[in-house]
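The next block holds one structure in the form of structure tokens; read it before the comments.
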Amino acid sequence: MSDSVVERKIRVMLVFGGRSGEHPISCATAAGVLSAIDRDRFEVIPVGITPDGRWLRVPDDPSLYELDGDTGATIEPGPRQLAVVPGDSAFFEFDSVATAEISALDLGMVDVVFPLLHGPYGEDGTFQGLMEMADLHYVGCGVSASALSMGKHLTKTVLAGRGLPVGQWKFIPPRQWVEDREGVLEQCEALGLPLFVKPTRAGSSLGISKVERFEDLGEAIDQARLVDPRVIVEAMNPGREIECAVLGGRNGSEPRVAPLGEIVLQAGDFYDYETKYVDHDSVSLQCPADLPEGVAARMQEAAIDAFETLECEGLARVDFFYNPDAESFIINEVNTLPGFTPFSMYPMMWSRAGVEYRDLVTELIELALERPLGLR
């Protein structure tokens, strides 16, 4: 009989769903990762967070979380939920129904947490802070990078301070809109037309609208405020939409970048929720993007600079607008938890670089485990 010790599998808690409007997209992302993750190396603990914030241990069945047309899955409340125990690297499952005696089931040590939580309460530093307090390894960016990148006007402010090119914008905090609506509209008019109105802390194109007439601007801001009380209005940036997938370097080395990709719309001119997640035939990815060699290299360098300036870790997608007439570009935004469904641009760009979806999931987990706990 062999005396060799069988190496145990790495225990990965996959967390998805969440409290934001991107709940269904988070579930769809989880379906992709659950289908692809290397089961020979990893033991998966799927955990869904309901829209009202309850943590549930959910079935390990990708088909339950996939998008069905424009309808996504929702994590429904159940009789059992999870509690996080800070500093113990452990999770417990317990019956949430009040009884005279409540017994907890220890789920055991979790090696690494893989958050797939898009939007607020997951991608904005809140979840990352919880993981830091619990002394747990987790995939992706830390607290400050997540918070800065989630706030679109904060991202632009920091990158502009670094000297990186960003477009013109107007940030509208709640108090200013309530107290001086007309003054805000006048300031936004100085940006010219068309304008893009966006919730500051939302992704997946939720609440975003294109404004062609100034008389429609107020309504567009009101609609964006239904998603986030903080709104950003951006000037139109002419040019092509180029994306760069960034992956953290091993052992503190320089971040890696995939070949640049270009979003090509077959119809219309607005990359909205429908084209991202439902109507896949209306959009395609050209990778590598057809760019002059020198421009492509400069954009990749700018993506790495933005990644490091914001102190990102693990992964991020840096989005650009490229003006071919001037051979110039600006950074539109930095996404610290880019779409990760099988149809999403981030894994597709890495696939073009020879890193398949399954290997990308493994690399992200290994990067998280390599990263030291505590201040760094």
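For the structure tokens, the naming scheme is as follows: chains receive sequential letters (A, B, ...) according to their order of presentation, residues are indexed from 1 within each chain, and ligands are indexed from 1 in presentation order.
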Long-range neighbours of A:Arg11 as a PyMOL selection string, 8 Å cut-off, only C-alpha atoms, 5 positions minimum in chain: chain A and resi 42-45+109-112
Written selection (N, CA, C and O atoms) as a CSV table (one decimal), in the first residue's frame:
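Dumped everything to out00.csv:
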```
chain,number,residue,atom,x,y,z
A,42,PHE,N,-10.7,21.5,-7.4
A,42,PHE,CA,-11.4,22.3,-6.5
A,42,PHE,C,-12.7,21.7,-6.1
A,42,PHE,O,-13.4,21.1,-6.9
A,43,GLU,N,-12.9,21.8,-4.8
A,43,GLU,CA,-14.2,21.5,-4.2
A,43,GLU,C,-15.0,22.8,-4.1
A,43,GLU,O,-14.6,23.7,-3.5
A,44,VAL,N,-16.2,22.8,-4.7
A,44,VAL,CA,-17.0,24.0,-4.8
A,44,VAL,C,-18.1,24.1,-3.8
A,44,VAL,O,-18.9,23.1,-3.6
A,45,ILE,N,-18.2,25.2,-3.1
A,45,ILE,CA,-19.3,25.4,-2.2
A,45,ILE,C,-20.1,26.6,-2.8
A,45,ILE,O,-19.7,27.8,-2.6
A,109,MET,N,-13.3,24.7,6.9
A,109,MET,CA,-12.5,25.8,6.4
A,109,MET,C,-12.7,26.1,4.9
A,109,MET,O,-12.9,25.1,4.1
A,110,VAL,N,-12.7,27.3,4.6
A,110,VAL,CA,-12.8,27.7,3.2
A,110,VAL,C,-11.5,28.3,2.8
A,110,VAL,O,-10.9,29.2,3.4
A,111,ASP,N,-10.9,27.7,1.7
A,111,ASP,CA,-9.5,28.2,1.3
A,111,ASP,C,-9.6,29.5,0.6
A,111,ASP,O,-8.7,30.4,0.8
A,112,VAL,N,-10.6,29.7,-0.3
A,112,VAL,CA,-10.7,30.9,-1.0
A,112,VAL,C,-12.1,31.2,-1.4
A,112,VAL,O,-12.9,30.3,-1.7
```
Test item: residues at most 10 Å from stretch 297-299 of chain A, only C-alpha atoms, excluding those fewer than 2 positions along its chain, as a list of chain:residue names: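 Near neighbours after the sequence-gap exclusion: A:Ile242, A:Glu243, A:Cys244, A:Pro259, A:Leu260, A:Leu291, A:Pro292, A:Glu293, A:Gly294, A:Val295, A:Glu301, A:Ala302, A:Ala303, A:Ile304, A:Asp305, A:Val318, A:Asp319, A:Phe320, A:Tyr322, A:Ser328, A:Phe329, A:Ile330, A:Ile331.
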Ranking A:Glu370, A:Lys152, A:Phe196, A:Thr341 by minimum distance to A:Ser35 and counting only C-alpha atoms, which one comes first?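 Ranking A:Glu370, A:Lys152, A:Phe196, A:Thr341 by distance to A:Ser35, first place goes to A:Thr341.
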Residue neighbourhood A:Asn335, 8 Å, only C-alpha atoms, exclusion window fewer than 6 positions, as an mmCIF file with N, CA, C and O atoms, in the first residue's frame:
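Saved file around-v9.cif follows:
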```cif
data_model
loop_
_atom_site.group_PDB
_atom_site.id
_atom_site.type_symbol
_atom_site.label_atom_id
_atom_site.label_comp_id
_atom_site.auth_asym_id
_atom_site.auth_seq_id
_atom_site.Cartn_x
_atom_site.Cartn_y
_atom_site.Cartn_z
ATOM 1 N N SER A 149 -13.089 52.105 -8.419
ATOM 2 C CA SER A 149 -13.481 51.746 -9.785
ATOM 3 C C SER A 149 -14.988 51.670 -9.940
ATOM 4 O O SER A 149 -15.511 51.855 -11.036
ATOM 5 N N MET A 150 -15.693 51.394 -8.852
ATOM 6 C CA MET A 150 -17.155 51.335 -8.928
ATOM 7 C C MET A 150 -17.748 52.722 -9.118
ATOM 8 O O MET A 150 -18.750 52.898 -9.817
ATOM 9 N N ALA A 316 -9.174 42.915 -14.120
ATOM 10 C CA ALA A 316 -9.948 44.117 -14.433
ATOM 11 C C ALA A 316 -10.043 44.226 -15.949
ATOM 12 O O ALA A 316 -9.203 43.684 -16.682
ATOM 13 N N ARG A 317 -11.065 44.921 -16.386
ATOM 14 C CA ARG A 317 -11.194 45.240 -17.810
ATOM 15 C C ARG A 317 -11.172 46.753 -17.949
ATOM 16 O O ARG A 317 -11.950 47.455 -17.287
ATOM 17 N N VAL A 318 -10.290 47.251 -18.795
ATOM 18 C CA VAL A 318 -10.170 48.686 -19.019
ATOM 19 C C VAL A 318 -10.778 49.003 -20.381
ATOM 20 O O VAL A 318 -10.370 48.432 -21.397
#
```
If DSSP is run on the backbone, what residues of stretch 165-373 of chain A are strand (DSSP E)? A reply as a ChimeraX atom specification would be ideal. /A:169-172,195-199,209-211,231-235,240-247,256-257,261-265,283-286,315-323,328-335
Residues of stretch 102-212 of chain A at most 6 Å from stretch 220-235 of chain A: nearest atom pair and distance in Å, only C-alpha atoms, as JSON lines:
```
{"residue": "A:Gln168", "atom": "CA", "partner": "A:Ala235", "partner_atom": "CA", "distance": 5.6}
{"residue": "A:Trp169", "atom": "CA", "partner": "A:Glu234", "partner_atom": "CA", "distance": 4.3}
{"residue": "A:Lys170", "atom": "CA", "partner": "A:Val233", "partner_atom": "CA", "distance": 5.1}
{"residue": "A:Phe171", "atom": "CA", "partner": "A:Ile232", "partner_atom": "CA", "distance": 4.5}
{"residue": "A:Ile172", "atom": "CA", "partner": "A:Val231", "partner_atom": "CA", "distance": 5.2}
{"residue": "A:Pro173", "atom": "CA", "partner": "A:Arg230", "partner_atom": "CA", "distance": 5.0}
{"residue": "A:Pro174", "atom": "CA", "partner": "A:Pro229", "partner_atom": "CA", "distance": 5.7}
{"residue": "A:Leu191", "atom": "CA", "partner": "A:Ala235", "partner_atom": "CA", "distance": 5.4}
{"residue": "A:Leu195", "atom": "CA", "partner": "A:Ala235", "partner_atom": "CA", "distance": 5.1}
{"residue": "A:Phe196", "atom": "CA", "partner": "A:Glu234", "partner_atom": "CA", "distance": 5.2}
{"residue": "A:Val197", "atom": "CA", "partner": "A:Val233", "partner_atom": "CA", "distance": 4.6}
{"residue": "A:Lys198", "atom": "CA", "partner": "A:Ile232", "partner_atom": "CA", "distance": 5.4}
{"residue": "A:Pro199", "atom": "CA", "partner": "A:Val231", "partner_atom": "CA", "distance": 4.6}
{"residue": "A:Thr200", "atom": "CA", "partner": "A:Val231", "partner_atom": "CA", "distance": 4.9}
{"residue": "A:Gly207", "atom": "CA", "partner": "A:Ala224", "partner_atom": "CA", "distance": 4.8}
```
Print the selection's residues with all heavy atoms to a file, as a tab-separated table (two decimals), in the first residue's frame.
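Contents of out.tsv, as written:
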```tsv
chain	number	residue	atom	x	y	z
A	168	GLN	N	-14.65	64.26	-20.89
A	168	GLN	CA	-15.29	65.31	-20.10
A	168	GLN	C	-16.55	64.75	-19.45
A	168	GLN	O	-17.29	63.98	-20.07
A	168	GLN	CB	-15.66	66.49	-21.00
A	168	GLN	CG	-14.46	67.24	-21.57
A	168	GLN	CD	-14.90	68.40	-22.42
A	168	GLN	OE1	-15.62	68.24	-23.41
A	168	GLN	NE2	-14.48	69.61	-22.03
A	169	TRP	N	-16.79	65.17	-18.21
A	169	TRP	CA	-17.95	64.66	-17.50
A	169	TRP	C	-18.41	65.66	-16.45
A	169	TRP	O	-17.67	66.57	-16.07
A	169	TRP	CB	-17.62	63.32	-16.85
A	169	TRP	CG	-16.91	63.41	-15.52
A	169	TRP	CD1	-17.47	63.39	-14.27
A	169	TRP	CD2	-15.49	63.56	-15.30
A	169	TRP	NE1	-16.51	63.49	-13.30
A	169	TRP	CE2	-15.28	63.61	-13.90
A	169	TRP	CE3	-14.39	63.66	-16.15
A	169	TRP	CZ2	-14.02	63.75	-13.34
A	169	TRP	CZ3	-13.13	63.81	-15.58
A	169	TRP	CH2	-12.95	63.84	-14.20
A	170	LYS	N	-19.63	65.43	-15.98
A	170	LYS	CA	-20.20	66.20	-14.88
A	170	LYS	C	-20.78	65.22	-13.87
A	170	LYS	O	-21.61	64.37	-14.21
A	170	LYS	CB	-21.30	67.13	-15.41
A	170	LYS	CG	-22.21	67.72	-14.34
A	170	LYS	CD	-21.49	68.69	-13.42
A	170	LYS	CE	-22.45	69.26	-12.37
A	170	LYS	NZ	-21.74	70.06	-11.34
A	171	PHE	N	-20.33	65.33	-12.63
A	171	PHE	CA	-20.84	64.49	-11.55
A	171	PHE	C	-21.99	65.22	-10.86
A	171	PHE	O	-21.90	66.40	-10.55
A	171	PHE	CB	-19.73	64.18	-10.55
A	171	PHE	CG	-20.21	63.50	-9.30
A	171	PHE	CD1	-20.90	62.31	-9.35
A	171	PHE	CD2	-19.95	64.07	-8.05
A	171	PHE	CE1	-21.35	61.68	-8.19
A	171	PHE	CE2	-20.38	63.45	-6.89
A	171	PHE	CZ	-21.08	62.26	-6.96
A	172	ILE	N	-23.09	64.49	-10.64
A	172	ILE	CA	-24.28	65.10	-10.03
A	172	ILE	C	-24.58	64.40	-8.71
A	172	ILE	O	-25.23	63.33	-8.69
A	172	ILE	CB	-25.50	65.01	-10.97
A	172	ILE	CG1	-25.16	65.59	-12.34
A	172	ILE	CG2	-26.69	65.75	-10.36
A	172	ILE	CD1	-26.27	65.42	-13.36
A	173	PRO	N	-24.13	64.97	-7.59
A	173	PRO	CA	-24.48	64.39	-6.28
A	173	PRO	C	-25.94	64.65	-5.94
A	173	PRO	O	-26.56	65.59	-6.49
A	173	PRO	CB	-23.54	65.10	-5.31
A	173	PRO	CG	-23.15	66.36	-5.99
A	173	PRO	CD	-23.25	66.13	-7.47
A	174	PRO	N	-26.55	63.85	-5.08
A	174	PRO	CA	-27.99	63.98	-4.80
A	174	PRO	C	-28.41	65.38	-4.35
A	174	PRO	O	-29.41	65.92	-4.84
A	174	PRO	CB	-28.23	62.94	-3.70
A	174	PRO	CG	-27.12	61.96	-3.84
A	174	PRO	CD	-25.95	62.72	-4.35
A	191	LEU	N	-21.39	70.51	-22.03
A	191	LEU	CA	-20.70	69.34	-22.56
A	191	LEU	C	-21.09	69.06	-24.00
A	191	LEU	O	-20.42	68.28	-24.68
A	191	LEU	CB	-21.01	68.11	-21.71
A	191	LEU	CG	-20.56	68.16	-20.24
A	191	LEU	CD1	-21.07	66.93	-19.48
A	191	LEU	CD2	-19.02	68.22	-20.15
A	195	LEU	N	-25.28	63.33	-25.13
A	195	LEU	CA	-24.76	63.07	-23.80
A	195	LEU	C	-25.14	61.65	-23.37
A	195	LEU	O	-26.16	61.12	-23.80
A	195	LEU	CB	-25.35	64.07	-22.79
A	195	LEU	CG	-24.96	65.54	-22.95
A	195	LEU	CD1	-25.84	66.42	-22.08
A	195	LEU	CD2	-23.49	65.73	-22.58
A	196	PHE	N	-24.30	61.07	-22.52
A	196	PHE	CA	-24.63	59.79	-21.92
A	196	PHE	C	-24.83	59.99	-20.42
A	196	PHE	O	-23.96	60.56	-19.74
A	196	PHE	CB	-23.53	58.76	-22.19
A	196	PHE	CG	-23.54	58.24	-23.59
A	196	PHE	CD1	-22.79	58.86	-24.58
A	196	PHE	CD2	-24.33	57.15	-23.94
A	196	PHE	CE1	-22.81	58.40	-25.89
A	196	PHE	CE2	-24.36	56.69	-25.24
A	196	PHE	CZ	-23.60	57.32	-26.21
A	197	VAL	N	-25.97	59.56	-19.93
A	197	VAL	CA	-26.32	59.69	-18.52
A	197	VAL	C	-26.23	58.31	-17.88
A	197	VAL	O	-26.84	57.35	-18.37
A	197	VAL	CB	-27.73	60.28	-18.36
A	197	VAL	CG1	-28.10	60.42	-16.88
A	197	VAL	CG2	-27.83	61.64	-19.06
A	198	LYS	N	-25.47	58.22	-16.78
A	198	LYS	CA	-25.21	56.91	-16.18
A	198	LYS	C	-25.34	56.97	-14.66
A	198	LYS	O	-24.90	57.94	-14.03
A	198	LYS	CB	-23.79	56.44	-16.50
A	198	LYS	CG	-23.46	56.37	-17.97
A	198	LYS	CD	-22.00	55.96	-18.18
A	198	LYS	CE	-21.64	55.90	-19.65
A	198	LYS	NZ	-20.22	55.49	-19.86
A	199	PRO	N	-25.91	55.94	-14.04
A	199	PRO	CA	-25.76	55.80	-12.60
A	199	PRO	C	-24.27	55.66	-12.28
A	199	PRO	O	-23.55	54.96	-13.01
A	199	PRO	CB	-26.51	54.52	-12.26
A	199	PRO	CG	-27.40	54.26	-13.45
A	199	PRO	CD	-26.68	54.84	-14.62
A	200	THR	N	-23.79	56.34	-11.25
A	200	THR	CA	-22.35	56.33	-10.97
A	200	THR	C	-21.85	54.95	-10.58
A	200	THR	O	-20.76	54.55	-10.94
A	200	THR	CB	-22.03	57.34	-9.85
A	200	THR	OG1	-22.38	58.64	-10.31
A	200	THR	CG2	-20.55	57.34	-9.51
A	207	GLY	N	-29.66	51.48	-16.33
A	207	GLY	CA	-29.99	52.88	-16.09
A	207	GLY	C	-29.30	53.88	-16.99
A	207	GLY	O	-29.39	55.08	-16.78
```
Between atom CA of A:Cys287 and atom CA of A:Glu254, what is the distance, to one decimal in Å? 22.4 Å
Pick out the residues sitting within 6 Å of A:Ala258, and hand them over as a compact mmCIF listing (two decimals) with all heavy atoms, in the first residue's frame; count only C-alpha atoms, and ignore anything fewer than 5 positions along from it in its own chain.
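Result went into out-v7.txt, see below:
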```
# COMPACT_ATOMS: atom_id res chain seq x y z
N ALA A 245 -8.34 43.41 -21.55
CA ALA A 245 -8.45 42.50 -20.41
C ALA A 245 -7.10 42.44 -19.69
O ALA A 245 -6.08 42.10 -20.30
CB ALA A 245 -8.86 41.11 -20.89
N TRP A 350 -9.21 36.69 -23.44
CA TRP A 350 -8.15 35.81 -22.96
C TRP A 350 -8.13 34.50 -23.74
O TRP A 350 -7.07 33.88 -23.93
CB TRP A 350 -8.29 35.56 -21.46
CG TRP A 350 -7.69 36.68 -20.67
CD1 TRP A 350 -8.32 37.59 -19.89
CD2 TRP A 350 -6.29 37.04 -20.63
NE1 TRP A 350 -7.44 38.49 -19.37
CE2 TRP A 350 -6.18 38.18 -19.80
CE3 TRP A 350 -5.14 36.52 -21.21
CZ2 TRP A 350 -4.96 38.79 -19.54
CZ3 TRP A 350 -3.93 37.12 -20.97
CH2 TRP A 350 -3.84 38.25 -20.14
N ALA A 353 -6.02 34.86 -26.52
CA ALA A 353 -4.61 34.83 -26.11
C ALA A 353 -4.15 33.42 -25.75
O ALA A 353 -3.01 33.23 -25.34
CB ALA A 353 -4.39 35.77 -24.93
```
When you count only C-alpha atoms, which of these residues is closest to A:Pro342: A:Gln176, A:Thr29, A:Ser205, A:Ser20? A:Thr29
I want to know what sits within 10 Å of A:Leu310, based on only C-alpha atoms, with residues of the same chain fewer than 5 positions away left out; could you give that as a VMD selection string? chain A and resid 141 144 to 149 155 158 to 159 162 305 334
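Shortest separation to A:Leu369 among A:Phe214, A:Phe340, A:Tyr346, A:Phe114 occurs at residue A:Phe114, atoms counted being only C-alpha atoms.
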Excluding A:Leu315 and residues on its chain fewer than 5 positions from it, collect all residues at most 10 Å away from it, counting only C-alpha atoms, and give them as a PDB file with N, CA and C atoms, in the first residue's frame.
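Wrote around36.pdb, looks like this:
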```pdb
ATOM      1  N   VAL A 139     -10.902  36.168  -4.574  1.00  0.00           N
ATOM      2  CA  VAL A 139     -10.510  36.492  -5.946  1.00  0.00           C
ATOM      3  C   VAL A 139     -10.817  37.959  -6.238  1.00  0.00           C
ATOM      4  N   GLY A 140      -9.880  38.611  -6.922  1.00  0.00           N
ATOM      5  CA  GLY A 140     -10.145  39.937  -7.451  1.00  0.00           C
ATOM      6  C   GLY A 140      -9.585  41.073  -6.627  1.00  0.00           C
ATOM      7  N   CYS A 141     -10.034  42.268  -6.985  1.00  0.00           N
ATOM      8  CA  CYS A 141      -9.500  43.496  -6.402  1.00  0.00           C
ATOM      9  C   CYS A 141      -9.880  43.654  -4.941  1.00  0.00           C
ATOM     10  N   ALA A 245      -8.337  43.414 -21.547  1.00  0.00           N
ATOM     11  CA  ALA A 245      -8.450  42.501 -20.410  1.00  0.00           C
ATOM     12  C   ALA A 245      -7.102  42.435 -19.693  1.00  0.00           C
ATOM     13  N   VAL A 246      -7.105  42.764 -18.410  1.00  0.00           N
ATOM     14  CA  VAL A 246      -5.881  42.784 -17.605  1.00  0.00           C
ATOM     15  C   VAL A 246      -5.960  41.676 -16.561  1.00  0.00           C
ATOM     16  N   LEU A 247      -4.862  40.995 -16.376  1.00  0.00           N
ATOM     17  CA  LEU A 247      -4.752  39.911 -15.401  1.00  0.00           C
ATOM     18  C   LEU A 247      -3.529  40.173 -14.535  1.00  0.00           C
ATOM     19  N   GLY A 248      -3.702  40.061 -13.232  1.00  0.00           N
ATOM     20  CA  GLY A 248      -2.598  40.325 -12.324  1.00  0.00           C
ATOM     21  C   GLY A 248      -1.383  39.462 -12.607  1.00  0.00           C
ATOM     22  N   GLY A 249      -0.214  39.977 -12.290  1.00  0.00           N
ATOM     23  CA  GLY A 249       1.022  39.225 -12.487  1.00  0.00           C
ATOM     24  C   GLY A 249       1.286  38.292 -11.314  1.00  0.00           C
ATOM     25  N   PRO A 255       1.384  43.272 -14.355  1.00  0.00           N
ATOM     26  CA  PRO A 255       0.129  42.714 -14.871  1.00  0.00           C
ATOM     27  C   PRO A 255       0.251  42.319 -16.335  1.00  0.00           C
ATOM     28  N   ARG A 256      -0.550  41.347 -16.720  1.00  0.00           N
ATOM     29  CA  ARG A 256      -0.564  40.850 -18.083  1.00  0.00           C
ATOM     30  C   ARG A 256      -1.779  41.390 -18.824  1.00  0.00           C
ATOM     31  N   VAL A 257      -1.655  41.553 -20.133  1.00  0.00           N
ATOM     32  CA  VAL A 257      -2.778  42.035 -20.938  1.00  0.00           C
ATOM     33  C   VAL A 257      -3.008  41.094 -22.109  1.00  0.00           C
ATOM     34  N   PHE A 307      -4.596  50.041 -14.119  1.00  0.00           N
ATOM     35  CA  PHE A 307      -4.713  48.903 -13.207  1.00  0.00           C
ATOM     36  C   PHE A 307      -3.861  49.139 -11.955  1.00  0.00           C
ATOM     37  N   ASN A 335     -13.435  48.227 -14.983  1.00  0.00           N
ATOM     38  CA  ASN A 335     -14.384  47.295 -14.378  1.00  0.00           C
ATOM     39  C   ASN A 335     -13.604  46.222 -13.625  1.00  0.00           C
ATOM     40  N   THR A 336     -13.755  46.200 -12.290  1.00  0.00           N
ATOM     41  CA  THR A 336     -12.971  45.258 -11.483  1.00  0.00           C
ATOM     42  C   THR A 336     -13.603  43.873 -11.387  1.00  0.00           C
ATOM     43  N   LEU A 337     -14.843  43.745 -11.798  1.00  0.00           N
ATOM     44  CA  LEU A 337     -15.448  42.420 -11.930  1.00  0.00           C
ATOM     45  C   LEU A 337     -16.175  42.376 -13.268  1.00  0.00           C
ATOM     46  N   PRO A 338     -15.395  42.293 -14.351  1.00  0.00           N
ATOM     47  CA  PRO A 338     -16.000  42.327 -15.686  1.00  0.00           C
ATOM     48  C   PRO A 338     -16.905  41.136 -15.904  1.00  0.00           C
ATOM     49  N   TYR A 346     -14.427  39.764 -21.514  1.00  0.00           N
ATOM     50  CA  TYR A 346     -13.175  39.501 -20.794  1.00  0.00           C
ATOM     51  C   TYR A 346     -12.665  38.076 -21.040  1.00  0.00           C
ATOM     52  N   LEU A 364      -7.184  32.713 -11.714  1.00  0.00           N
ATOM     53  CA  LEU A 364      -7.698  33.701 -10.775  1.00  0.00           C
ATOM     54  C   LEU A 364      -7.710  33.165  -9.341  1.00  0.00           C
ATOM     55  N   LEU A 367      -4.070  33.103  -8.139  1.00  0.00           N
ATOM     56  CA  LEU A 367      -3.612  34.454  -7.810  1.00  0.00           C
ATOM     57  C   LEU A 367      -4.132  34.885  -6.441  1.00  0.00           C
TER      58      LEU A 367
END
```
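Ranking A:Trp177, A:Tyr121, A:Phe321, A:Tyr138 by their shortest atom-to-atom distance to A:Gly18, with only C-alpha atoms included, puts A:Tyr121 first.
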